[in-house]
Amino acid sequence: MGRSEQPRGRVIAVTGAARGIGLAVAAQLATAGHRVALGDLDAAAASTAAAGLPGETAGFGLDVTDSGSFRAFLDAVEARWGPIDVLVNNAGVMWVGPFDEESDQATHRQLEVNLHGVIRGVRLAAPRMRERGRGHIVTVASAASKLAPPGEATYAATKHGVYGYLSAVRAELRGSGVELSVVMPTVVETRLAAGTSSGAVARLTPEQVARAVAAVIERPRFDVTVPGYVGLLVRAAGLLPDLLRSAVYRRMVPDQVAALGTNRSTRAGYERDALRDPEDPGEPR
């Protein structure tokens, strides 16, 4: 029993955990001895992924765009292992291309998963944690929370929204014992980033992001960029006059419209899968 109160052995729920960053996070935490619940829209994939990890893990179906599904996920995890110590909001989707070519469906899906999904998770999990006087919500966002790459207009808007939402909720929760953290990686080698450019920064691996998540769980802080120097560059650029700041960003931030070029087909499969409304399987994505 005492183990769950120590840095190791916490009950941790991860969304979007069947693959990519979410799976890497689950693997990192499970290897460290935590009890890890993998939630994903693909329940079978979540269960299969959980079965391949060490220690106490379990896979669950989870649609972060549905409050009932999210509540049921949290309830199921707590019924299995007791109160959730850490929720990792990780689920996310991205459409890439010129802003005026983005479909209504792509816009809607990004807002629902990336922004509203995080809001749902915080709104459902934080009150439970506040009642106990402890808990931690870690949200895997993106460097696009503070930057705005061309070709990622709506995606960047959702991540800016996540950062603003968490900043406000953090102020409301101050002194409650509930910690909030936002982890903001640059481009990561996952299917979500297929056909995109990483700009002036080397592409990250999911495992690098997972290590950052594990580190912030052990030593909570709010604002985490991966790699760390990106946060310093953004802050420094913010002090420059607009013309100089824009020049710095043009060199530093990838232009995904330009990068897309002939890579549209590379992204087609991902966007077809990620941006379709799961309740309308016949609708083009």
# chains A, B, ... in the order shown; residues from 1 in each chain; ligands from 1

$ residues_around --residues "A:Gly22" --least-positions-apart "5" --cutoff "9 Å" --atoms "only C-alpha atoms" --output "ChimeraX atom specification"
/A:14-17,27,38,88-91,140,206,210

$ write_last_selection --atoms "N, CA and C atoms" --output "short mmCIF file (atom, residue, chain, number, x, y, z; two decimals), in the first residue's frame"
data_model
loop_
_atom_site.label_atom_id
_atom_site.label_comp_id
_atom_site.auth_asym_id
_atom_site.auth_seq_id
_atom_site.Cartn_x
_atom_site.Cartn_y
_atom_site.Cartn_z
N VAL A 14 -2.75 7.28 -19.16
CA VAL A 14 -2.20 7.95 -20.34
C VAL A 14 -3.20 7.87 -21.48
N THR A 15 -3.52 9.00 -22.08
CA THR A 15 -4.45 9.00 -23.22
C THR A 15 -3.68 8.90 -24.54
N GLY A 16 -4.34 8.39 -25.56
CA GLY A 16 -3.68 8.22 -26.86
C GLY A 16 -2.44 7.35 -26.74
N ALA A 17 -2.57 6.24 -26.00
CA ALA A 17 -1.38 5.49 -25.58
C ALA A 17 -1.12 4.21 -26.36
N ALA A 27 5.45 3.04 -21.70
CA ALA A 27 6.55 2.10 -21.53
C ALA A 27 7.57 2.63 -20.52
N LEU A 38 -3.43 2.44 -20.20
CA LEU A 38 -3.32 2.97 -21.55
C LEU A 38 -4.72 3.15 -22.12
N VAL A 88 -1.89 11.72 -17.83
CA VAL A 88 -1.10 12.26 -18.93
C VAL A 88 -2.03 12.45 -20.13
N ASN A 89 -2.37 13.71 -20.40
CA ASN A 89 -3.16 14.05 -21.59
C ASN A 89 -2.22 14.05 -22.79
N ASN A 90 -2.34 13.05 -23.63
CA ASN A 90 -1.41 12.93 -24.75
C ASN A 90 -2.09 12.89 -26.11
N ALA A 91 -3.33 12.45 -26.17
CA ALA A 91 -4.00 12.25 -27.46
C ALA A 91 -3.98 13.54 -28.29
N VAL A 140 0.85 16.59 -22.83
CA VAL A 140 1.82 16.63 -23.93
C VAL A 140 1.21 17.50 -25.02
N PRO A 206 10.04 9.50 -29.89
CA PRO A 206 9.03 9.41 -28.83
C PRO A 206 9.65 9.15 -27.46
N ALA A 210 9.11 10.92 -23.87
CA ALA A 210 8.70 10.10 -22.72
C ALA A 210 9.60 10.36 -21.52
#

$ residues_around --residues "A:Ala51" --least-positions-apart "2" --cutoff "12 Å" --atoms "only C-alpha atoms" --output "list in words"
Ala18, Leu23, Ala26, Ala27, Ala30, Val36, Ala37, Leu38, Ala44, Ala45, Ala46, Ser47, Thr48, Ala49, Leu53, Pro54, Gly55, Glu56, Thr57, Ala58, Gly59 and Phe60 of chain A

$ write_last_selection --atoms "N, CA and C atoms" --output "PDB file, in the first residue's frame"
ATOM      1  N   ALA A  18      -1.860   3.941 -27.407  1.00  0.00           N
ATOM      2  CA  ALA A  18      -1.670   2.680 -28.122  1.00  0.00           C
ATOM      3  C   ALA A  18      -0.449   2.697 -29.033  1.00  0.00           C
ATOM      4  N   LEU A  23       2.507   5.622 -26.251  1.00  0.00           N
ATOM      5  CA  LEU A  23       3.026   4.294 -25.931  1.00  0.00           C
ATOM      6  C   LEU A  23       4.427   4.396 -25.328  1.00  0.00           C
ATOM      7  N   ALA A  26       3.972   5.423 -21.765  1.00  0.00           N
ATOM      8  CA  ALA A  26       3.495   4.286 -20.967  1.00  0.00           C
ATOM      9  C   ALA A  26       4.622   3.306 -20.682  1.00  0.00           C
ATOM     10  N   ALA A  27       5.447   3.038 -21.699  1.00  0.00           N
ATOM     11  CA  ALA A  27       6.552   2.100 -21.528  1.00  0.00           C
ATOM     12  C   ALA A  27       7.572   2.626 -20.519  1.00  0.00           C
ATOM     13  N   ALA A  30       5.921   2.419 -17.025  1.00  0.00           N
ATOM     14  CA  ALA A  30       5.755   1.038 -16.575  1.00  0.00           C
ATOM     15  C   ALA A  30       7.098   0.438 -16.174  1.00  0.00           C
ATOM     16  N   VAL A  36       0.229   1.502 -14.899  1.00  0.00           N
ATOM     17  CA  VAL A  36      -0.070   2.373 -16.032  1.00  0.00           C
ATOM     18  C   VAL A  36      -1.295   1.890 -16.798  1.00  0.00           C
ATOM     19  N   ALA A  37      -2.250   2.795 -16.978  1.00  0.00           N
ATOM     20  CA  ALA A  37      -3.444   2.535 -17.784  1.00  0.00           C
ATOM     21  C   ALA A  37      -3.276   3.213 -19.130  1.00  0.00           C
ATOM     22  N   LEU A  38      -3.433   2.443 -20.197  1.00  0.00           N
ATOM     23  CA  LEU A  38      -3.315   2.970 -21.550  1.00  0.00           C
ATOM     24  C   LEU A  38      -4.720   3.155 -22.116  1.00  0.00           C
ATOM     25  N   ALA A  44      -8.616  -2.251 -28.732  1.00  0.00           N
ATOM     26  CA  ALA A  44      -7.865  -3.494 -28.933  1.00  0.00           C
ATOM     27  C   ALA A  44      -6.369  -3.214 -28.994  1.00  0.00           C
ATOM     28  N   ALA A  45      -5.989  -2.135 -29.680  1.00  0.00           N
ATOM     29  CA  ALA A  45      -4.572  -1.778 -29.769  1.00  0.00           C
ATOM     30  C   ALA A  45      -4.029  -1.381 -28.406  1.00  0.00           C
ATOM     31  N   ALA A  46      -4.857  -0.700 -27.596  1.00  0.00           N
ATOM     32  CA  ALA A  46      -4.429  -0.321 -26.248  1.00  0.00           C
ATOM     33  C   ALA A  46      -4.171  -1.557 -25.395  1.00  0.00           C
ATOM     34  N   SER A  47      -5.047  -2.534 -25.489  1.00  0.00           N
ATOM     35  CA  SER A  47      -4.886  -3.770 -24.715  1.00  0.00           C
ATOM     36  C   SER A  47      -3.658  -4.549 -25.166  1.00  0.00           C
ATOM     37  N   THR A  48      -3.446  -4.616 -26.485  1.00  0.00           N
ATOM     38  CA  THR A  48      -2.277  -5.315 -27.012  1.00  0.00           C
ATOM     39  C   THR A  48      -0.995  -4.629 -26.570  1.00  0.00           C
ATOM     40  N   ALA A  49      -0.984  -3.299 -26.643  1.00  0.00           N
ATOM     41  CA  ALA A  49       0.197  -2.544 -26.228  1.00  0.00           C
ATOM     42  C   ALA A  49       0.478  -2.758 -24.740  1.00  0.00           C
ATOM     43  N   LEU A  53       3.979  -4.587 -22.196  1.00  0.00           N
ATOM     44  CA  LEU A  53       4.774  -3.775 -21.275  1.00  0.00           C
ATOM     45  C   LEU A  53       5.008  -4.523 -19.965  1.00  0.00           C
ATOM     46  N   PRO A  54       6.063  -4.171 -19.236  1.00  0.00           N
ATOM     47  CA  PRO A  54       6.340  -4.838 -17.959  1.00  0.00           C
ATOM     48  C   PRO A  54       5.421  -4.337 -16.850  1.00  0.00           C
ATOM     49  N   GLY A  55       5.360  -5.083 -15.778  1.00  0.00           N
ATOM     50  CA  GLY A  55       4.650  -4.632 -14.591  1.00  0.00           C
ATOM     51  C   GLY A  55       3.143  -4.646 -14.729  1.00  0.00           C
ATOM     52  N   GLU A  56       2.486  -3.820 -13.918  1.00  0.00           N
ATOM     53  CA  GLU A  56       1.030  -3.745 -13.889  1.00  0.00           C
ATOM     54  C   GLU A  56       0.548  -2.709 -14.895  1.00  0.00           C
ATOM     55  N   THR A  57      -0.009  -3.173 -15.994  1.00  0.00           N
ATOM     56  CA  THR A  57      -0.532  -2.289 -17.032  1.00  0.00           C
ATOM     57  C   THR A  57      -1.869  -2.836 -17.517  1.00  0.00           C
ATOM     58  N   ALA A  58      -2.666  -1.959 -18.096  1.00  0.00           N
ATOM     59  CA  ALA A  58      -3.952  -2.386 -18.648  1.00  0.00           C
ATOM     60  C   ALA A  58      -4.359  -1.420 -19.743  1.00  0.00           C
ATOM     61  N   GLY A  59      -5.045  -1.937 -20.755  1.00  0.00           N
ATOM     62  CA  GLY A  59      -5.517  -1.115 -21.858  1.00  0.00           C
ATOM     63  C   GLY A  59      -7.018  -0.906 -21.774  1.00  0.00           C
ATOM     64  N   PHE A  60      -7.468   0.283 -22.150  1.00  0.00           N
ATOM     65  CA  PHE A  60      -8.884   0.636 -22.082  1.00  0.00           C
ATOM     66  C   PHE A  60      -9.274   1.423 -23.345  1.00  0.00           C
TER      67      PHE A  60
END

$ atom_distance --atom1 "atom CA of A:Glu101" --atom2 "atom CA of A:Val234"
28.7 Å

$ atom_distance --atom1 "atom CA of A:Arg219" --atom2 "atom CA of A:Gly238"
27.1 Å

$ closest_residue --among "A:Arg123, A:Arg128, A:His136, A:His116" --to "A:Ile217" --atoms "only C-alpha atoms"
A:His136

$ closest_residue --among "A:Tyr165, A:Tyr249, A:Phe70, A:Phe222" --to "A:Leu147" --atoms "only C-alpha atoms"
A:Tyr249

$ residues_around --residues "stretch 167-178 of chain A" --least-positions-apart "3" --cutoff "7 Å" --atoms "only C-alpha atoms" --output "PyMOL selection string"
chain A and resi 129-130+133-136+163-164

$ write_last_selection --atoms "N, CA and C atoms" --output "mmCIF file, in the first residue's frame"
data_model
loop_
_atom_site.group_PDB
_atom_site.id
_atom_site.type_symbol
_atom_site.label_atom_id
_atom_site.label_comp_id
_atom_site.auth_asym_id
_atom_site.auth_seq_id
_atom_site.Cartn_x
_atom_site.Cartn_y
_atom_site.Cartn_z
ATOM 1 N N MET A 129 -8.652 14.953 -7.812
ATOM 2 C CA MET A 129 -7.345 15.146 -7.193
ATOM 3 C C MET A 129 -7.403 16.230 -6.122
ATOM 4 N N ARG A 130 -8.109 17.305 -6.423
ATOM 5 C CA ARG A 130 -8.217 18.407 -5.460
ATOM 6 C C ARG A 130 -8.897 17.943 -4.175
ATOM 7 N N GLY A 133 -6.371 16.328 -2.222
ATOM 8 C CA GLY A 133 -5.260 17.208 -1.861
ATOM 9 C C GLY A 133 -3.959 16.872 -2.539
ATOM 10 N N ARG A 134 -4.025 16.065 -3.615
ATOM 11 C CA ARG A 134 -2.804 15.720 -4.344
ATOM 12 C C ARG A 134 -3.158 15.184 -5.724
ATOM 13 N N GLY A 135 -2.209 15.298 -6.631
ATOM 14 C CA GLY A 135 -2.393 14.792 -7.979
ATOM 15 C C GLY A 135 -1.600 15.631 -8.966
ATOM 16 N N HIS A 136 -1.477 15.110 -10.166
ATOM 17 C CA HIS A 136 -0.657 15.770 -11.183
ATOM 18 C C HIS A 136 -1.254 15.482 -12.552
ATOM 19 N N TYR A 163 -2.273 25.735 -23.856
ATOM 20 C CA TYR A 163 -1.355 26.440 -22.953
ATOM 21 C C TYR A 163 -2.100 27.502 -22.145
ATOM 22 N N GLY A 164 -2.965 28.257 -22.815
ATOM 23 C CA GLY A 164 -3.727 29.282 -22.108
ATOM 24 C C GLY A 164 -4.687 28.691 -21.097
#

$ atom_distance --atom1 "atom CA of A:Thr65" --atom2 "atom CA of A:Thr31"
29.2 Å

$ select_by_dssp --residues "stretch 75-173 of chain A" --states "helix (DSSP H, G or I)" --output "number ranges by chain"
A: 75-81, 99-101, 104-132, 143-145, 153-173

$ closest_residue --among "A:Pro227, A:Gly117, A:Gly261, A:Gly20" --to "A:Thr196" --atoms "only C-alpha atoms"
A:Gly261

$ closest_residue --among "A:Asn263, A:Val93, A:Lys146, A:Phe99" --to "A:Ala237" --atoms "only C-alpha atoms"
A:Lys146

$ residues_around --residues "stretch 270-276 of chain A" --least-positions-apart "5" --cutoff "12 Å" --atoms "only C-alpha atoms" --output "VMD selection string"
chain A and resid 16 41 to 42 91 to 97 102 to 114 190 to 195 264 to 265 281 to 285

$ write_last_selection --atoms "N, CA and C atoms" --output "mmCIF file, in the first residue's frame"
data_model
loop_
_atom_site.group_PDB
_atom_site.id
_atom_site.type_symbol
_atom_site.label_atom_id
_atom_site.label_comp_id
_atom_site.auth_asym_id
_atom_site.auth_seq_id
_atom_site.Cartn_x
_atom_site.Cartn_y
_atom_site.Cartn_z
ATOM 1 N N GLY A 16 -4.338 8.389 -25.565
ATOM 2 C CA GLY A 16 -3.680 8.223 -26.862
ATOM 3 C C GLY A 16 -2.443 7.352 -26.739
ATOM 4 N N LEU A 41 -8.570 5.378 -28.452
ATOM 5 C CA LEU A 41 -9.779 5.166 -29.244
ATOM 6 C C LEU A 41 -9.827 3.745 -29.781
ATOM 7 N N ASP A 42 -8.648 3.188 -30.089
ATOM 8 C CA ASP A 42 -8.529 1.799 -30.528
ATOM 9 C C ASP A 42 -8.297 0.935 -29.285
ATOM 10 N N ALA A 91 -3.333 12.447 -26.174
ATOM 11 C CA ALA A 91 -3.998 12.250 -27.464
ATOM 12 C C ALA A 91 -3.978 13.536 -28.292
ATOM 13 N N GLY A 92 -3.663 13.399 -29.579
ATOM 14 C CA GLY A 92 -3.642 14.565 -30.458
ATOM 15 C C GLY A 92 -3.672 14.158 -31.920
ATOM 16 N N VAL A 93 -4.175 15.055 -32.765
ATOM 17 C CA VAL A 93 -4.209 14.830 -34.212
ATOM 18 C C VAL A 93 -3.773 16.117 -34.912
ATOM 19 N N MET A 94 -3.335 15.994 -36.176
ATOM 20 C CA MET A 94 -2.875 17.186 -36.893
ATOM 21 C C MET A 94 -3.161 17.081 -38.382
ATOM 22 N N TRP A 95 -3.713 18.151 -38.932
ATOM 23 C CA TRP A 95 -3.832 18.316 -40.384
ATOM 24 C C TRP A 95 -2.791 19.336 -40.802
ATOM 25 N N VAL A 96 -2.156 19.107 -41.954
ATOM 26 C CA VAL A 96 -1.130 20.022 -42.453
ATOM 27 C C VAL A 96 -1.483 20.478 -43.850
ATOM 28 N N GLY A 97 -1.347 21.778 -44.102
ATOM 29 C CA GLY A 97 -1.586 22.325 -45.427
ATOM 30 C C GLY A 97 -1.963 23.787 -45.354
ATOM 31 N N GLU A 102 -8.019 23.645 -45.624
ATOM 32 C CA GLU A 102 -8.412 22.744 -44.531
ATOM 33 C C GLU A 102 -9.926 22.566 -44.516
ATOM 34 N N SER A 103 -10.387 21.335 -44.429
ATOM 35 C CA SER A 103 -11.818 21.067 -44.405
ATOM 36 C C SER A 103 -12.419 21.376 -43.037
ATOM 37 N N ASP A 104 -13.717 21.591 -43.009
ATOM 38 C CA ASP A 104 -14.406 21.802 -41.729
ATOM 39 C C ASP A 104 -14.213 20.611 -40.804
ATOM 40 N N GLN A 105 -14.224 19.403 -41.383
ATOM 41 C CA GLN A 105 -14.072 18.198 -40.577
ATOM 42 C C GLN A 105 -12.691 18.148 -39.921
ATOM 43 N N ALA A 106 -11.642 18.522 -40.679
ATOM 44 C CA ALA A 106 -10.297 18.519 -40.121
ATOM 45 C C ALA A 106 -10.172 19.540 -38.998
ATOM 46 N N THR A 107 -10.760 20.711 -39.200
ATOM 47 C CA THR A 107 -10.738 21.745 -38.160
ATOM 48 C C THR A 107 -11.450 21.254 -36.907
ATOM 49 N N HIS A 108 -12.652 20.720 -37.105
ATOM 50 C CA HIS A 108 -13.467 20.256 -35.982
ATOM 51 C C HIS A 108 -12.752 19.165 -35.199
ATOM 52 N N ARG A 109 -12.150 18.219 -35.913
ATOM 53 C CA ARG A 109 -11.517 17.086 -35.242
ATOM 54 C C ARG A 109 -10.319 17.542 -34.410
ATOM 55 N N GLN A 110 -9.525 18.454 -34.936
ATOM 56 C CA GLN A 110 -8.370 18.947 -34.180
ATOM 57 C C GLN A 110 -8.810 19.686 -32.914
ATOM 58 N N LEU A 111 -9.842 20.500 -33.038
ATOM 59 C CA LEU A 111 -10.346 21.211 -31.861
ATOM 60 C C LEU A 111 -10.891 20.228 -30.829
ATOM 61 N N GLU A 112 -11.620 19.229 -31.282
ATOM 62 C CA GLU A 112 -12.235 18.281 -30.357
ATOM 63 C C GLU A 112 -11.209 17.420 -29.628
ATOM 64 N N VAL A 113 -10.213 16.928 -30.356
ATOM 65 C CA VAL A 113 -9.222 16.043 -29.734
ATOM 66 C C VAL A 113 -8.174 16.847 -28.969
ATOM 67 N N ASN A 114 -7.558 17.816 -29.640
ATOM 68 C CA ASN A 114 -6.388 18.497 -29.078
ATOM 69 C C ASN A 114 -6.731 19.468 -27.956
ATOM 70 N N THR A 190 6.857 10.468 -35.409
ATOM 71 C CA THR A 190 5.656 9.650 -35.279
ATOM 72 C C THR A 190 4.860 9.753 -36.569
ATOM 73 N N ARG A 191 3.803 8.981 -36.650
ATOM 74 C CA ARG A 191 2.958 9.033 -37.845
ATOM 75 C C ARG A 191 2.304 10.400 -37.997
ATOM 76 N N LEU A 192 1.994 11.064 -36.880
ATOM 77 C CA LEU A 192 1.388 12.393 -36.930
ATOM 78 C C LEU A 192 2.255 13.365 -37.707
ATOM 79 N N ALA A 193 3.580 13.194 -37.659
ATOM 80 C CA ALA A 193 4.505 14.126 -38.305
ATOM 81 C C ALA A 193 4.934 13.683 -39.696
ATOM 82 N N ALA A 194 4.319 12.636 -40.231
ATOM 83 C CA ALA A 194 4.709 12.137 -41.544
ATOM 84 C C ALA A 194 4.661 13.244 -42.594
ATOM 85 N N GLY A 195 5.714 13.351 -43.380
ATOM 86 C CA GLY A 195 5.745 14.315 -44.477
ATOM 87 C C GLY A 195 6.006 15.743 -44.072
ATOM 88 N N ARG A 264 2.253 15.218 -49.867
ATOM 89 C CA ARG A 264 0.841 15.093 -49.489
ATOM 90 C C ARG A 264 0.430 13.632 -49.401
ATOM 91 N N SER A 265 0.891 12.808 -50.336
ATOM 92 C CA SER A 265 0.505 11.394 -50.308
ATOM 93 C C SER A 265 1.062 10.689 -49.078
ATOM 94 N N PRO A 281 -18.187 6.537 -39.872
ATOM 95 C CA PRO A 281 -17.092 5.884 -40.586
ATOM 96 C C PRO A 281 -17.146 6.038 -42.094
ATOM 97 N N GLY A 282 -18.289 6.439 -42.628
ATOM 98 C CA GLY A 282 -18.380 6.603 -44.065
ATOM 99 C C GLY A 282 -17.937 7.965 -44.558
ATOM 100 N N GLU A 283 -17.669 8.870 -43.629
ATOM 101 C CA GLU A 283 -17.320 10.233 -44.006
ATOM 102 C C GLU A 283 -15.859 10.334 -44.408
ATOM 103 N N PRO A 284 -15.560 10.996 -45.537
ATOM 104 C CA PRO A 284 -14.153 11.169 -45.933
ATOM 105 C C PRO A 284 -13.397 11.930 -44.855
ATOM 106 N N ARG A 285 -12.139 11.589 -44.684
ATOM 107 C CA ARG A 285 -11.323 12.257 -43.669
ATOM 108 C C ARG A 285 -10.431 13.290 -44.314
#
